[in-house]
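Engineer: File follows, query.txt with compact mmCIF, C-alpha atoms and all ligand atoms:
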```txt
# COMPACT_ATOMS: atom_id res chain seq x y z
CA MET A 1 101.37 120.25 75.01
CA PRO A 2 105.16 119.95 75.34
CA ARG A 3 106.31 116.39 75.75
CA ILE A 4 107.79 115.73 79.18
CA ARG A 5 110.78 113.44 79.30
CA PRO A 6 110.33 110.24 81.32
CA ILE A 7 112.22 110.26 84.59
CA ARG A 8 114.12 107.68 86.60
CA THR A 9 114.32 107.91 90.33
CA GLU A 10 115.01 105.90 93.41
CA ALA A 11 112.06 106.05 95.80
CA ILE A 12 110.44 104.58 98.88
CA VAL A 13 106.82 103.50 98.42
CA LEU A 14 104.89 105.27 101.19
CA ARG A 15 101.48 103.79 100.44
CA GLN A 16 99.12 102.80 97.65
CA ARG A 17 95.43 102.75 96.96
CA PRO A 18 93.32 100.98 94.32
CA LEU A 19 92.37 102.72 91.11
CA GLY A 20 89.71 101.24 88.83
CA ASP A 21 89.65 97.44 88.58
CA ALA A 22 93.28 96.63 87.95
CA ASP A 23 95.49 99.59 88.85
CA ARG A 24 96.87 101.20 91.96
CA ILE A 25 98.00 104.71 92.75
CA CYS A 26 101.35 104.55 94.51
CA VAL A 27 102.62 107.40 96.65
CA LEU A 28 106.37 107.42 96.13
CA PHE A 29 108.93 109.44 98.04
CA SER A 30 111.99 110.36 96.01
CA PRO A 31 115.16 112.02 97.34
CA THR A 32 115.25 114.44 94.40
CA ARG A 33 111.57 114.97 93.62
CA GLY A 34 109.79 114.63 96.93
CA ARG A 35 106.34 113.12 96.91
CA ILE A 36 105.14 111.58 93.65
CA GLU A 37 101.75 110.02 92.95
CA ALA A 38 102.05 107.48 90.18
CA VAL A 39 99.75 104.89 88.65
CA ALA A 40 100.94 101.28 88.62
CA LYS A 41 98.91 99.81 85.80
CA GLY A 42 97.57 96.29 85.94
CA VAL A 43 99.18 95.45 89.29
CA ARG A 44 96.00 93.98 90.70
CA LYS A 45 95.87 91.39 87.96
CA PRO A 46 97.17 87.97 89.10
CA LEU A 47 100.08 87.74 86.65
CA SER A 48 101.37 91.28 87.04
CA LYS A 49 105.17 91.37 87.00
CA MET A 50 105.21 94.81 88.58
CA SER A 51 103.04 94.13 91.63
CA GLY A 52 105.91 92.77 93.76
CA HIS A 53 107.99 95.89 93.04
CA VAL A 54 105.56 98.55 94.21
CA GLU A 55 104.88 97.21 97.72
CA PRO A 56 104.42 99.89 100.39
CA LEU A 57 107.45 100.22 102.68
CA SER A 58 109.96 99.03 100.13
CA ARG A 59 112.69 100.93 98.30
CA GLY A 60 113.11 100.69 94.57
CA GLN A 61 114.23 102.21 91.30
CA PHE A 62 111.38 103.56 89.20
CA GLY A 63 110.84 104.73 85.64
CA LEU A 64 108.01 107.27 85.40
CA ALA A 65 106.22 108.83 82.46
CA GLN A 66 103.91 111.82 82.73
CA GLY A 67 100.35 110.66 82.16
CA ARG A 68 97.30 112.87 81.73
CA SER A 69 97.02 113.83 85.37
CA LEU A 70 99.41 111.58 87.25
CA PHE A 71 102.70 109.89 86.53
CA VAL A 72 102.57 106.32 85.23
CA ILE A 73 105.12 103.78 86.44
CA THR A 74 106.79 102.31 83.35
CA ASP A 75 109.16 100.02 85.24
CA ALA A 76 110.00 99.20 88.85
CA GLN A 77 112.85 97.28 90.43
CA THR A 78 112.99 96.59 94.16
CA LEU A 79 116.27 97.56 95.85
CA ASP A 80 115.23 96.85 99.47
CA PRO A 81 112.10 94.82 100.19
CA TRP A 82 112.60 95.29 103.98
CA SER A 83 110.77 91.99 104.49
CA PRO A 84 111.04 92.05 108.33
CA LEU A 85 108.78 95.12 108.30
CA HIS A 86 106.07 93.10 106.59
CA ASP A 87 106.37 90.01 108.78
CA ASP A 88 105.82 91.66 112.15
CA VAL A 89 102.79 93.68 113.19
CA GLU A 90 104.66 95.98 115.57
CA ARG A 91 107.39 96.82 113.06
CA MET A 92 104.78 97.31 110.35
CA THR A 93 102.75 99.67 112.56
CA GLU A 94 105.76 101.84 113.38
CA ALA A 95 106.94 101.84 109.76
CA LEU A 96 103.51 102.95 108.56
CA ALA A 97 103.48 105.72 111.18
CA MET A 98 106.83 107.02 109.87
CA ALA A 99 105.68 106.76 106.25
CA GLU A 100 102.48 108.62 107.07
CA LEU A 101 104.40 111.42 108.72
CA VAL A 102 106.60 111.81 105.64
CA ASP A 103 103.53 111.59 103.41
CA ARG A 104 101.81 114.39 105.34
CA SER A 105 104.81 116.66 105.46
CA THR A 106 106.36 116.57 102.00
CA ASP A 107 105.51 118.37 98.82
CA ALA A 108 105.59 117.25 95.23
CA GLU A 109 108.56 118.34 93.12
CA VAL A 110 110.65 119.33 96.12
CA SER A 111 114.09 117.87 96.70
CA SER A 112 114.00 116.05 100.05
CA GLY A 113 117.42 114.40 100.35
CA PRO A 114 117.88 114.67 104.14
CA LEU A 115 114.34 113.49 104.96
CA TYR A 116 114.69 110.66 102.46
CA GLN A 117 117.95 109.53 104.06
CA LEU A 118 116.35 109.77 107.50
CA LEU A 119 113.38 107.62 106.46
CA ARG A 120 115.62 105.13 104.71
CA ARG A 121 117.97 104.78 107.70
CA SER A 122 115.02 104.51 110.08
CA LEU A 123 113.29 101.80 108.04
CA GLU A 124 116.58 99.90 107.84
CA SER A 125 116.99 100.12 111.62
CA LEU A 126 113.36 99.16 112.12
CA ALA A 127 113.84 96.06 109.97
CA SER A 128 116.54 94.76 112.32
CA THR A 129 115.50 96.06 115.75
CA GLN A 130 113.82 94.37 118.68
CA SER A 131 112.46 97.76 119.84
CA PRO A 132 110.36 99.17 116.99
CA ALA A 133 108.78 101.94 119.10
CA ALA A 134 112.22 103.20 120.17
CA VAL A 135 113.33 103.48 116.54
CA ARG A 136 110.16 105.35 115.62
CA ARG A 137 110.67 107.79 118.52
CA TRP A 138 114.27 108.34 117.41
CA PHE A 139 112.92 109.04 113.93
CA THR A 140 110.37 111.49 115.37
CA LEU A 141 113.06 113.47 117.20
CA ARG A 142 115.20 113.71 114.03
CA PHE A 143 112.13 114.56 111.98
CA LEU A 144 111.31 117.44 114.34
CA ASP A 145 114.89 118.64 114.01
CA GLN A 146 114.71 118.59 110.20
CA GLN A 147 111.42 120.48 110.23
CA GLY A 148 112.96 123.18 112.43
CA TYR A 149 111.27 122.02 115.64
CA GLN A 150 114.10 120.35 117.50
CA PRO A 151 113.14 120.47 121.19
CA GLU A 152 115.41 122.75 123.21
CA LEU A 153 117.05 120.60 125.91
CA ASP A 154 119.85 122.78 127.24
CA ALA A 155 118.25 126.00 128.45
CA CYS A 156 114.79 126.85 129.77
CA VAL A 157 112.54 127.87 126.87
CA ARG A 158 110.97 130.60 129.02
CA CYS A 159 113.84 132.22 130.96
CA ARG A 160 116.91 130.83 129.16
CA THR A 161 118.48 129.50 132.39
CA GLU A 162 120.68 126.46 131.79
CA VAL A 163 118.94 123.36 133.13
CA GLY A 164 120.08 120.25 135.04
CA PRO A 165 118.28 116.91 134.82
CA GLU A 166 116.03 117.32 137.90
CA GLY A 167 112.70 119.04 138.46
CA ASN A 168 112.09 120.24 134.90
CA GLY A 169 108.97 120.53 132.81
CA TYR A 170 108.45 120.10 129.08
CA SER A 171 106.44 122.50 126.99
CA ALA A 172 105.72 121.49 123.40
CA VAL A 173 104.12 124.88 122.73
CA ASP A 174 107.25 126.74 123.87
CA GLY A 175 109.52 124.20 122.19
CA GLY A 176 111.34 122.25 124.89
CA VAL A 177 112.53 122.03 128.47
CA VAL A 178 111.23 124.34 131.20
CA CYS A 179 113.47 124.99 134.25
CA PRO A 180 112.28 124.00 137.77
CA ASN A 181 111.41 127.64 138.59
CA CYS A 182 109.25 128.19 135.52
CA HIS A 183 107.77 124.69 135.85
CA GLY A 184 106.92 125.53 139.48
CA ALA A 185 105.12 128.62 138.19
CA GLY A 186 102.86 126.37 136.17
CA HIS A 187 104.62 126.07 132.82
CA GLY A 188 105.03 122.77 130.98
CA GLN A 189 104.23 119.20 131.91
CA ARG A 190 106.45 117.21 134.21
CA LEU A 191 109.69 116.03 132.57
CA THR A 192 111.25 113.31 134.71
CA SER A 193 114.99 112.98 134.96
CA PRO A 194 115.25 109.61 133.08
CA VAL A 195 113.23 110.97 130.15
CA PHE A 196 115.22 114.20 130.09
CA ARG A 197 118.46 112.17 129.96
CA LEU A 198 117.04 109.84 127.32
CA LEU A 199 116.01 112.74 125.07
CA ARG A 200 119.50 114.19 125.32
CA TYR A 201 120.99 110.76 124.59
CA MET A 202 118.72 110.25 121.56
CA ARG A 203 119.77 113.62 120.19
CA ARG A 204 123.41 112.52 119.85
CA SER A 205 123.02 108.76 119.26
CA SER A 206 122.10 106.43 116.43
CA ALA A 207 118.75 104.65 116.15
CA GLN A 208 120.47 101.36 117.00
CA SER A 209 122.05 102.75 120.19
CA THR A 210 118.76 104.37 121.20
CA ALA A 211 116.95 101.06 120.71
CA GLN A 212 119.40 99.36 123.12
CA VAL A 213 118.45 101.63 126.04
CA ARG A 214 116.13 99.94 128.50
CA VAL A 215 113.15 102.18 129.17
CA ASP A 216 110.38 101.27 131.61
CA ALA A 217 106.73 101.57 130.64
CA GLN A 218 106.18 104.78 132.57
CA ALA A 219 109.14 106.61 131.02
CA SER A 220 108.19 105.23 127.65
CA ALA A 221 104.66 106.65 127.95
CA GLU A 222 105.99 110.01 129.13
CA LEU A 223 108.46 110.25 126.25
CA GLU A 224 105.71 109.32 123.83
CA ARG A 225 103.50 112.10 125.21
CA HIS A 226 106.15 114.82 124.92
CA LEU A 227 107.19 113.80 121.42
CA SER A 228 103.67 113.50 120.08
CA MET A 229 102.79 116.95 121.42
CA SER A 230 105.85 118.44 119.76
CA LEU A 231 104.91 116.65 116.56
CA GLU A 232 101.42 118.09 116.74
CA GLN A 233 102.91 121.57 117.06
CA ALA A 234 105.10 121.03 114.01
CA LEU A 235 102.28 119.59 111.89
CA ASP A 236 99.82 122.29 112.98
CA ALA A 237 102.29 124.97 111.96
CA ARG A 238 102.65 123.31 108.59
CA LEU A 239 98.92 123.03 108.18
CA ARG A 240 98.58 126.74 108.94
CA SER A 241 101.16 127.71 106.34
CA SER A 242 99.42 128.76 103.17
CA SER A 243 101.64 126.78 100.83
CA PHE A 244 100.46 123.57 102.48
CA ALA A 245 96.83 124.62 102.09
CA GLU A 246 97.53 125.16 98.41
CA ASP A 247 99.13 121.73 98.16
CA LEU A 248 96.07 120.19 99.73
CA ALA A 249 93.84 121.90 97.20
CA ARG A 250 96.11 120.72 94.42
CA ALA A 251 96.17 117.15 95.78
CA GLU A 252 92.38 117.15 95.84
CA THR A 253 92.26 118.33 92.23
CA ILE A 254 94.72 115.61 91.22
CA GLY A 255 92.70 113.04 93.14
CA ARG A 256 89.53 114.17 91.40
CA SER A 257 91.08 114.04 87.94
CA ALA A 258 92.48 110.57 88.72
CA VAL A 259 89.00 109.41 89.63
CA GLN A 260 87.66 111.09 86.49
CA SER A 261 90.25 109.46 84.25
CA ALA A 262 89.56 106.10 85.91
CA ALA A 263 85.85 106.58 85.21
CA GLU A 264 86.65 107.63 81.63
CA SER A 265 88.78 104.55 80.97
CA GLU A 266 86.07 102.38 82.47
CA ARG A 267 83.53 103.94 80.10
CA GLU A 268 85.97 103.47 77.24
CA GLU A 269 86.31 99.76 78.10
CA GLN A 270 82.54 99.37 78.26
CA ARG A 271 82.22 101.14 74.94
CA ARG A 272 84.80 98.81 73.37
CA ALA A 273 83.12 95.76 74.87
CA ALA A 274 79.83 96.95 73.38
CA ILE A 275 81.48 97.08 69.92
ZN ZN A 301 112.89 129.07 133.32
```
Please, can you express the file's structure as structure tokens?
Ligand SMILES: [Zn+2]
Structural biologist:
Amino acid sequence: MPRIRPIRTEAIVLRQRPLGDADRICVLFSPTRGRIEAVAKGVRKPLSKMSGHVEPLSRGQFGLAQGRSLFVITDAQTLDPWSPLHDDVERMTEALAMAELVDRSTDAEVSSGPLYQLLRRSLESLASTQSPAAVRRWFTLRFLDQQGYQPELDACVRCRTEVGPEGNGYSAVDGGVVCPNCHGAGHGQRLTSPVFRLLRYMRRSSAQSTAQVRVDAQASAELERHLSMSLEQALDARLRSSSFAEDLARAETIGRSAVQSAAESEREEQRRAAI
């Protein structure tokens, strides 16, 4: 087998899961290589030097070597621990939601610069904000945009009439705002004027500015509903695309071989102990 050169990459740790007795599999997100599953060896042992550098929701510099089925992390150096994300349940919850979305929507070995920068900026904003949900919603809107599902907010998605702020509907299936006429004819869910204005504001503003806007509970719930339905549309479309189905199959194969190699090394250890 040709020897693959070790690689170095900056990455955000999306999540990790235990492997065997002492290791973890880390899901890394790299700007140049997309999603990478890599084994952090020995990090569950008490004196592991690496364990503090592979924490989920941190950004670091990683050295990776190609193992039998997965990459192996040879060294890790934290660049941003984003401690405030880990000290606050609400921030942590929103950060995990963003990481999960990236995890579900990126492929291995695919350059993902813009999405990486979006996640990085959003986690940075989340670490310093008093409105974690607002930052996550801002992230969701940008994410939709990057995936090619930016909600249309200027013209009716059914008849193309330019819309004002009043009397509109919102249709995630059709991809955005529905004019009062079409909404009156039964299309879309109600889109109130404050939420319509807020969506337009979010589209052109930073996460920090968006987080400063005071939104009441009702508008907040409505915005959440529209965005999550649009997100569902985008993720469903991805799920339907055959390349994603192939990725899933591949991920399952990789997962299985990781489990197999973990079982093999366990047997090897037992064998050695027996000698
Ligand atoms: Zn219309």
Engineer: As an exercise, work out the distance from atom CA of Ser51 of chain A to atom CA of Glu10 of chain A in Å and give it to one decimal place.
Structural biologist: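 The value is 16.9 Å.
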Engineer: In Å, with one decimal, what is the gap from atom CA of Ser111 of chain A to atom CA of Ile36 of chain A?
Structural biologist: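 Rounded to one decimal, the two atoms are 11.4 Å apart.
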Engineer: What residues of the protein or nucleic acid chains come within 10 Å of ligand ZN 301 (chain A) when you use only C-alpha atoms and all ligand atoms? Reply as a ChimeraX atom specification.
Structural biologist: /A:155-163,168-169,177-185,187
Engineer: Could you give me, as a list of chain:residue names, the residues within 6 Å of segment 75-84 of chain A, counting only C-alpha atoms and dropping anything in the same chain fewer than 5 positions from it?
Structural biologist: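 The filter keeps A:His53, A:Ser58, A:Arg59, A:Gly60, A:Gln61, A:Phe62, A:Gly63, A:Ala127.
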Engineer: For segment 133-143 of chain A, list every protein, DNA or RNA residue within 9 Å, evaluated using only C-alpha atoms, and leave out those in the same chain fewer than 3 positions away; present the list as a PyMOL selection string.
Structural biologist: chain A and resi 90-91+94-95+97-98+101-102+115+118-119+122-123+125-126+129+146-151+199+202-203+205-208+210-213+220+223-224+227-228+231
